[in-house]
Amino acid sequence: MSVRLSDRLPPHGETNAITQLLDRLLAAGVSVVDLTESNPTRVDLDYPARLLEALSAPASTRYAPEPLGMAEARMAVALDARRRSVAIEPARVVLSASSSESYSWLFKLFCNPGDRVLVPQPSYPLFEHLAHLESVAIEPYALAYHGRWEVDLESVRRGLASGARMIVAVSPNNPTGSCLAGTEADALIALAAEAGVPLVVDEVFADYLLSPRPGCTTDIACRAEGHTGALVVTLGGLSKSVGLPQLKLGWMVFGGDPACVRRAMAGLELIADSYLSVSTPVQLAASALLAEGAAVRTQIQARIEANLAALQLAVAQYPACDVLPVEGGWSAVVRVPATQSEEQLVLTLLEQAHVLVHPGYFFDFAHEAFVVVSLLPPVGAFAPAVNRLLTVASV
Ligand SMILES: Cc1ncc(COP(=O)(O)O)c(C=O)c1O
């Protein structure tokens, strides 16, 4: 008899057909270009040789836990936000090990088991797993595509009316690359405040803007300042901001009605105090990492710009395909003819073009057929792979 596992775990065991085929090809020595790669440490970026030196500061030998994060690290996050002209009080910053951990803490803070949270659709499937692990369910609200992606506020209203406990927005969103317009941010702040629920805005890709629409916003916690009953939490982290996911430092920034902020931060302090998951060395090094890591961020920005340009150039040769507008982030969505299921297409692309992409259904696109490509791979591998992809997908 095997030991019972909790129902929080997602179904697992069988690998899917895409992974099985990939494993077979790799075992046969086929070289596959991975256009799903989202790990910045695996895409040939030059990390400055001394980037991690600050992690060995002698002061790290002392342990003086601070549940919300050490003052110097919270200050470093607040000062770094000035780069984007965002004014943050260090006292409103809370540190975690990653934005994934921030999500799980926020679910614990605001939701009871069985509660529902509103998440955009399409979006990254991570939220569903993280919510499920906290015994919370997700309920999609629509991002509608009319030449660009817009929040369907009516579906947000419906979700709130049926009792959802949190709104999650992602800007720039993964994978649509869409950013919240200021008017959308204001509408979400007002709807959340009216329903007495927090608005959580995942801004992990806020440093990577490509063609943001006029009026797009990256200062949502500030926008909510002073709004009676509003509570906004924005998320960021070293993982995307300076391409260092392995250092495990994320942050939350609280904004809105001061009374709501105080109450939520006091609750979060209890949660954070139970884990104390952020290491002392990374907190003491935060300021240096954010400053020196700019060299990595610059390379990532150049990389995603070059790859997006190569993708747009290639797609122009294939009238049956198009690239949806990308306002920011590390991925692009390619619309392809729906002549077969997305899963079959991804299998065909692997077999014939030796290119791995994500199918649109992985992100819950409302209809077929889309594939999603990461803009991070080295340009020399990306451009030919995209040409092979389009040759196969356009027929
Ligand atoms: C939109 C979004 N939020 C959060 C994360 C997780 O980031 P972290 O490494 O900080 O947990 C990802 C990972 O790709 C993401 O795409």
# chains A, B, ... in the order shown; residues from 1 in each chain; ligands from 1
>>> residues_near_ligand(ligand="ligand 1", cutoff="6 Å", atoms="only C-alpha atoms and all ligand atoms", output="PyMOL selection string")
chain A and resi 98-100+173-174+202+204+237+239+245+250
>>> write_last_selection(atoms="N, CA, C and O atoms", output="compact mmCIF listing (two decimals), in the first residue's frame")
# COMPACT_ATOMS: atom_id res chain seq x y z
N SER A 98 11.15 34.50 -3.97
CA SER A 98 10.87 34.56 -5.42
C SER A 98 9.46 35.09 -5.58
O SER A 98 8.68 35.11 -4.62
N SER A 99 9.10 35.45 -6.79
CA SER A 99 7.70 35.88 -6.95
C SER A 99 6.74 34.71 -6.80
O SER A 99 5.60 34.89 -6.38
N SER A 100 7.21 33.49 -7.10
CA SER A 100 6.34 32.34 -6.87
C SER A 100 6.02 32.24 -5.38
O SER A 100 4.87 31.99 -4.99
N ASN A 173 2.30 40.87 -19.52
CA ASN A 173 1.78 39.53 -19.27
C ASN A 173 2.59 38.48 -20.02
O ASN A 173 3.07 38.72 -21.13
N ASN A 174 2.73 37.33 -19.40
CA ASN A 174 3.36 36.17 -20.03
C ASN A 174 2.21 35.22 -20.39
O ASN A 174 1.51 34.78 -19.49
N ASP A 202 1.49 41.44 -11.06
CA ASP A 202 2.78 40.81 -11.29
C ASP A 202 3.53 41.65 -12.32
O ASP A 202 3.16 41.71 -13.49
N VAL A 204 6.89 41.33 -12.89
CA VAL A 204 8.26 40.79 -12.97
C VAL A 204 8.96 41.16 -14.28
O VAL A 204 10.18 41.22 -14.34
N GLY A 237 11.25 40.77 -8.87
CA GLY A 237 12.29 39.89 -8.34
C GLY A 237 13.55 39.92 -9.18
O GLY A 237 13.54 40.35 -10.34
N SER A 239 15.01 37.49 -10.36
CA SER A 239 14.92 36.46 -11.37
C SER A 239 14.81 37.04 -12.77
O SER A 239 15.52 36.62 -13.69
N PRO A 245 17.68 34.11 -11.43
CA PRO A 245 16.65 33.33 -10.70
C PRO A 245 17.25 32.48 -9.59
O PRO A 245 16.58 32.17 -8.61
N GLY A 250 12.83 37.81 -4.23
CA GLY A 250 11.67 38.46 -4.85
C GLY A 250 11.17 39.55 -3.91
O GLY A 250 11.64 39.66 -2.77
>>> select_by_dssp(residues="segment 252-327 of chain A", states="strand (DSSP E or B)", output="short mmCIF file (atom, residue, chain, number, x, y, z; two decimals) with N, CA and C atoms, in the first residue's frame")
data_model
loop_
_atom_site.label_atom_id
_atom_site.label_comp_id
_atom_site.auth_asym_id
_atom_site.auth_seq_id
_atom_site.Cartn_x
_atom_site.Cartn_y
_atom_site.Cartn_z
N MET A 252 7.57 42.22 -2.84
CA MET A 252 6.20 42.72 -2.99
C MET A 252 6.23 44.18 -2.57
N VAL A 253 5.46 45.01 -3.25
CA VAL A 253 5.34 46.42 -2.86
C VAL A 253 3.87 46.69 -2.60
N PHE A 254 3.58 47.23 -1.42
CA PHE A 254 2.19 47.48 -1.03
C PHE A 254 1.81 48.95 -1.28
N GLY A 255 0.62 49.15 -1.82
CA GLY A 255 0.13 50.51 -2.03
C GLY A 255 -1.37 50.56 -1.80
N GLY A 256 -1.88 51.78 -1.68
CA GLY A 256 -3.34 51.94 -1.53
C GLY A 256 -3.70 52.69 -0.27
N ASP A 322 1.01 35.36 -38.36
CA ASP A 322 1.42 36.69 -37.89
C ASP A 322 1.86 36.67 -36.44
N VAL A 323 2.66 37.70 -36.09
CA VAL A 323 3.11 37.85 -34.70
C VAL A 323 2.18 38.86 -34.05
#
>>> select_by_dssp(residues="segment 164-254 of chain A", states="alpha helix (DSSP H)", output="list in words")
Gly182, Thr183, Glu184, Ala185, Asp186, Ala187, Leu188, Ile189, Ala190, Leu191, Ala192, Ala193, Glu194, Ala195, Ile220, Ala221, Cys222, Arg223, Leu238, Ser239, Lys240 and Ser241 of chain A
>>> write_last_selection(atoms="N, CA and C atoms", output="CSV table (one decimal), in the first residue's frame")
chain,number,residue,atom,x,y,z
A,182,GLY,N,-3.2,52.6,-18.3
A,182,GLY,CA,-3.5,53.3,-17.1
A,182,GLY,C,-5.0,53.2,-16.7
A,183,THR,N,-5.8,53.3,-17.8
A,183,THR,CA,-7.2,53.3,-17.5
A,183,THR,C,-7.7,51.9,-17.0
A,184,GLU,N,-7.0,50.9,-17.5
A,184,GLU,CA,-7.4,49.5,-17.1
A,184,GLU,C,-6.9,49.3,-15.6
A,185,ALA,N,-5.7,49.8,-15.3
A,185,ALA,CA,-5.2,49.7,-13.9
A,185,ALA,C,-6.2,50.4,-13.0
A,186,ASP,N,-6.6,51.7,-13.4
A,186,ASP,CA,-7.5,52.4,-12.5
A,186,ASP,C,-8.8,51.7,-12.3
A,187,ALA,N,-9.3,51.1,-13.4
A,187,ALA,CA,-10.6,50.4,-13.3
A,187,ALA,C,-10.5,49.2,-12.4
A,188,LEU,N,-9.3,48.4,-12.5
A,188,LEU,CA,-9.1,47.3,-11.6
A,188,LEU,C,-9.0,47.7,-10.2
A,189,ILE,N,-8.3,48.8,-9.9
A,189,ILE,CA,-8.1,49.3,-8.6
A,189,ILE,C,-9.5,49.6,-8.0
A,190,ALA,N,-10.3,50.3,-8.8
A,190,ALA,CA,-11.6,50.7,-8.3
A,190,ALA,C,-12.5,49.4,-8.0
A,191,LEU,N,-12.5,48.5,-9.0
A,191,LEU,CA,-13.3,47.3,-8.8
A,191,LEU,C,-12.9,46.5,-7.6
A,192,ALA,N,-11.6,46.3,-7.4
A,192,ALA,CA,-11.1,45.6,-6.3
A,192,ALA,C,-11.5,46.3,-4.9
A,193,ALA,N,-11.3,47.6,-4.9
A,193,ALA,CA,-11.6,48.3,-3.7
A,193,ALA,C,-13.1,48.2,-3.3
A,194,GLU,N,-13.9,48.3,-4.3
A,194,GLU,CA,-15.3,48.2,-4.1
A,194,GLU,C,-15.7,46.8,-3.6
A,195,ALA,N,-15.0,45.8,-4.0
A,195,ALA,CA,-15.3,44.4,-3.6
A,195,ALA,C,-14.6,44.1,-2.3
A,220,ILE,N,1.6,50.8,-10.6
A,220,ILE,CA,0.3,50.6,-10.1
A,220,ILE,C,0.1,50.7,-8.6
A,221,ALA,N,1.1,50.3,-7.9
A,221,ALA,CA,1.0,50.5,-6.4
A,221,ALA,C,0.9,52.0,-6.1
A,222,CYS,N,1.6,52.8,-6.8
A,222,CYS,CA,1.6,54.3,-6.6
A,222,CYS,C,0.2,54.8,-7.0
A,223,ARG,N,-0.3,54.3,-8.1
A,223,ARG,CA,-1.6,54.8,-8.6
A,223,ARG,C,-2.7,54.7,-7.6
A,238,LEU,N,14.6,39.5,-8.6
A,238,LEU,CA,15.9,39.4,-9.3
A,238,LEU,C,15.9,38.5,-10.5
A,239,SER,N,15.0,37.5,-10.4
A,239,SER,CA,14.9,36.5,-11.4
A,239,SER,C,14.8,37.0,-12.8
A,240,LYS,N,13.9,38.0,-12.9
A,240,LYS,CA,13.7,38.6,-14.2
A,240,LYS,C,14.5,40.0,-14.3
A,241,SER,N,14.5,40.7,-13.2
A,241,SER,CA,15.0,42.1,-13.3
A,241,SER,C,16.5,42.1,-13.7
>>> closest_atom_pairs(of="segment 13-39 of chain A", to="segment 378-386 of chain A", cutoff="9 Å", atoms="only C-alpha atoms", output="Markdown table")
| residue | atom | partner | partner_atom | distance |
| --- | --- | --- | --- | --- |
| A:Val33 | CA | A:Ala385 | CA | 6.6 |
| A:Asp34 | CA | A:Phe382 | CA | 8.9 |
| A:Leu35 | CA | A:Phe382 | CA | 7.5 |
>>> residues_around(residues="Glu342 of chain A", least_positions_apart="3", cutoff="6 Å", atoms="only C-alpha atoms", output="ChimeraX atom specification")
/A:345,359,369
>>> atom_distance(atom1="atom CA of Ala338 of chain A", atom2="atom CA of Ala316 of chain A")
18.3 Å
>>> residues_around(residues="segment 85-90 of chain A", least_positions_apart="2", cutoff="8 Å", atoms="only C-alpha atoms", output="VMD selection string")
chain A and resid 71 74 to 75 77 to 79 81 to 83 92 to 93 218 to 219 222 253
>>> residues_around(residues="segment 270-282 of chain A", least_positions_apart="5", cutoff="7 Å", atoms="only C-alpha atoms", output="list in words")
Leu55, Ser56, Ser60, Tyr63, Pro65, Pro67, Leu68, Ser96, Ala97, Trp105, Leu247 and Leu249 of chain A
>>> closest_residue(among="A:Leu143, A:Leu133, A:Val315, A:Met70", to="Phe363 of chain A", atoms="only C-alpha atoms")
A:Leu143
>>> closest_residue(among="A:Pro58, A:Gly360, A:Pro10, A:Gly328", to="Gln121 of chain A", atoms="only C-alpha atoms")
A:Gly360
>>> closest_residue(among="A:Tyr318, A:Cys179, A:Leu51, A:Leu95", to="Phe205 of chain A", atoms="only C-alpha atoms")
A:Cys179
>>> residues_around(residues="segment 154-160 of chain A", least_positions_apart="2", cutoff="10 Å", atoms="only C-alpha atoms", output="MDAnalysis selection string")
chainID A and resid 116:120 139:143 151:152 162:167 188 191:192 194:197
>>> closest_residue(among="A:Met265, A:Ala144, A:Ala27, A:Val232", to="Ser178 of chain A", atoms="only C-alpha atoms")
A:Ala144
